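One structure below.
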Amino acid sequence: MSIKNVLFDLDGTLLPMDMEEFTNGYFAMLTQKLAPHGYDPKKLVDAVWAGTGAMVKNDGSRTNEAAFWARFAQIFGEESLKDTPLFEEFYGNEFQRAKKFCGYNPLAAKAVRTIRESGRRVALATNPIFPAIATGSRLRWVGLEPSDFELCTTYEDCHYCKPNVNYYREVLDKLDMRAEDCLMVGNDMTEDTAAAELGVQVFIISDCLINKEGKDLNAWPHGGFEDLIRFVCGE
């Protein structure tokens, strides 16, 4: 099958990270930011996880952003929605320091640029549980910009999450792409291989592999970014 379009995951794929280390560090910063505004740290973290769960279970009837804040307001009350500017301020400022919880691989940006320059279309198919401002920041830590991609999925404009196959269906619909022409590049053996249900090819970047279900890695093309470039471009 030919590969005309490549969809890239972000966290753990383009941006090396240990998810637990990153999440713990990021939450510590968020609670420090909001504690002075009356948010109990543990309750805030629990609420963020609850909101994330609401996004993962989203049935397409609303955006992930709406699903998150509806669940958050159930926990802290409707008045808490007035504090959304505090979260936006956090992602625009303090969140930038979360870069220290991530790694860096120059081959990630090289792979994106090489594949794009080969004439293929590229999109960022990161799990849309973050706002655009945070997704843009994490891309810059990689050495890329949102403008390097035709589409970057964020919680503002998506109605599903991985591993729901409807997430991938929505991405393909937005880009007017056929599944059989696409390759999904990711590190999560559950979330990223779900694209295969639609007929999308999958390549696993194994540097920060997540394989909670113990799937057979050898069932999928896998390796590092140089391997990916060879797989897509034959270089």
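Identifiers in this document derive from the order of the structure tokens: chains are assigned A, B, ..., residues are numbered from 1 separately in each chain, and ligands are numbered from 1 in order of occurrence.
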Per residue of region 25-90 of chain A within 9 Å of region 124-141 of chain A, what are the shortest atom pair and its distance in Å to one decimal, counting only C-alpha atoms, with rows by chain and residue number, as CSV?
residue,atom,partner,partner_atom,distance
A:Thr52,CA,A:Ile129,CA,6.7
A:Met55,CA,A:Ile129,CA,6.9
A:Val56,CA,A:Ile129,CA,8.2
A:Asn64,CA,A:Ile129,CA,7.0
A:Glu65,CA,A:Pro131,CA,7.8
A:Phe68,CA,A:Ile129,CA,8.6
A:Glu88,CA,A:Ile133,CA,7.9
Selection near Gly143 (chain A), 10 Å with only C-alpha atoms, sequence-local residues under 5 positions removed, as an MDAnalysis selection string
chainID A and resid 14:15 104:106 108:110 137:138
Closest of A:Asp207, A:Asp176, A:Asp181, A:Glu78 to Glu150 (chain A), counting only C-alpha atoms, is A:Asp176
- Can you list, as JSON, numbers by chain, all residues belonging to region 40-109 of chain A that DSSP tags as helix (DSSP H, G or I)? {"A": [41, 42, 43, 44, 45, 46, 47, 48, 49, 50, 51, 52, 53, 54, 55, 56, 64, 65, 66, 67, 68, 69, 70, 71, 72, 73, 74, 75, 76, 78, 79, 80, 81, 82, 83, 84, 85, 86, 87, 88, 89, 90, 91, 92, 94, 95, 96, 97, 98, 99, 100, 101, 106, 107, 108, 109]}
The residue from A:Asp11, A:Glu79, A:Glu20, A:Glu156 with the smallest atom-to-atom distance to Arg62 (chain A), counting only C-alpha atoms, is A:Glu156
_Can you pull out the residues contacting Gly25 (chain A)? Cut-off 7 Å, using only C-alpha atoms, and skip same-chain residues under 4 positions away; I want them as a list of chain:residue names._
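After dropping sequence-adjacent residues, the list is A:Glu21, A:Met29, A:Ala98, A:Phe101.
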Min atom-atom distance to Val48 (chain A) from the set A:Arg71, A:Arg120, A:Lys82, A:Lys33, counting only C-alpha atoms, belongs to A:Arg71
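Comparing the minimum interatomic distances between Arg169 (chain A) and each of A:Ala28, A:Ala195, A:Met184, A:Ala111, counting only C-alpha atoms, we find that A:Ala195 sits nearest.
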Could you give me, as a PDB file with N, CA and C atoms, in the first residue's frame, the residues within 7 Å of Ala123 (chain A), counting only C-alpha atoms and dropping anything in the same chain fewer than 6 positions from it?
ATOM      1  N   VAL A   6       0.803  11.091   6.403  1.00  0.00           N
ATOM      2  CA  VAL A   6       1.346  10.561   7.656  1.00  0.00           C
ATOM      3  C   VAL A   6       0.790  11.354   8.831  1.00  0.00           C
ATOM      4  N   LEU A   7       0.212  10.633   9.778  1.00  0.00           N
ATOM      5  CA  LEU A   7      -0.359  11.209  10.991  1.00  0.00           C
ATOM      6  C   LEU A   7       0.593  10.920  12.146  1.00  0.00           C
ATOM      7  N   PHE A   8       1.007  11.950  12.844  1.00  0.00           N
ATOM      8  CA  PHE A   8       1.974  11.794  13.934  1.00  0.00           C
ATOM      9  C   PHE A   8       1.323  11.994  15.294  1.00  0.00           C
ATOM     10  N   PHE A 149       2.103  21.377  10.154  1.00  0.00           N
ATOM     11  CA  PHE A 149       1.113  20.331   9.942  1.00  0.00           C
ATOM     12  C   PHE A 149      -0.172  20.917   9.344  1.00  0.00           C
ATOM     13  N   GLU A 150      -0.852  20.117   8.547  1.00  0.00           N
ATOM     14  CA  GLU A 150      -2.129  20.559   7.989  1.00  0.00           C
ATOM     15  C   GLU A 150      -3.194  20.674   9.067  1.00  0.00           C
ATOM     16  N   LEU A 151      -3.070  19.828  10.083  1.00  0.00           N
ATOM     17  CA  LEU A 151      -4.051  19.795  11.171  1.00  0.00           C
ATOM     18  C   LEU A 151      -3.342  19.387  12.445  1.00  0.00           C
ATOM     19  N   CYS A 152      -3.695  20.030  13.563  1.00  0.00           N
ATOM     20  CA  CYS A 152      -3.249  19.620  14.888  1.00  0.00           C
ATOM     21  C   CYS A 152      -4.499  19.397  15.727  1.00  0.00           C
TER      22      CYS A 152
END
message: Neighbouring residues of Pro221 (chain A) were defined as those with any atom within 8 Å, considering only C-alpha atoms; residues of the same chain fewer than 4 positions away were excluded. Please report them as a VMD selection string.
response: chain A and resid 202 to 204
- Query: Where in region 80-165 of chain A does DSSP assign strand (DSSP E), given as an NGL selection string?
  - Reply: :A and (121-124)
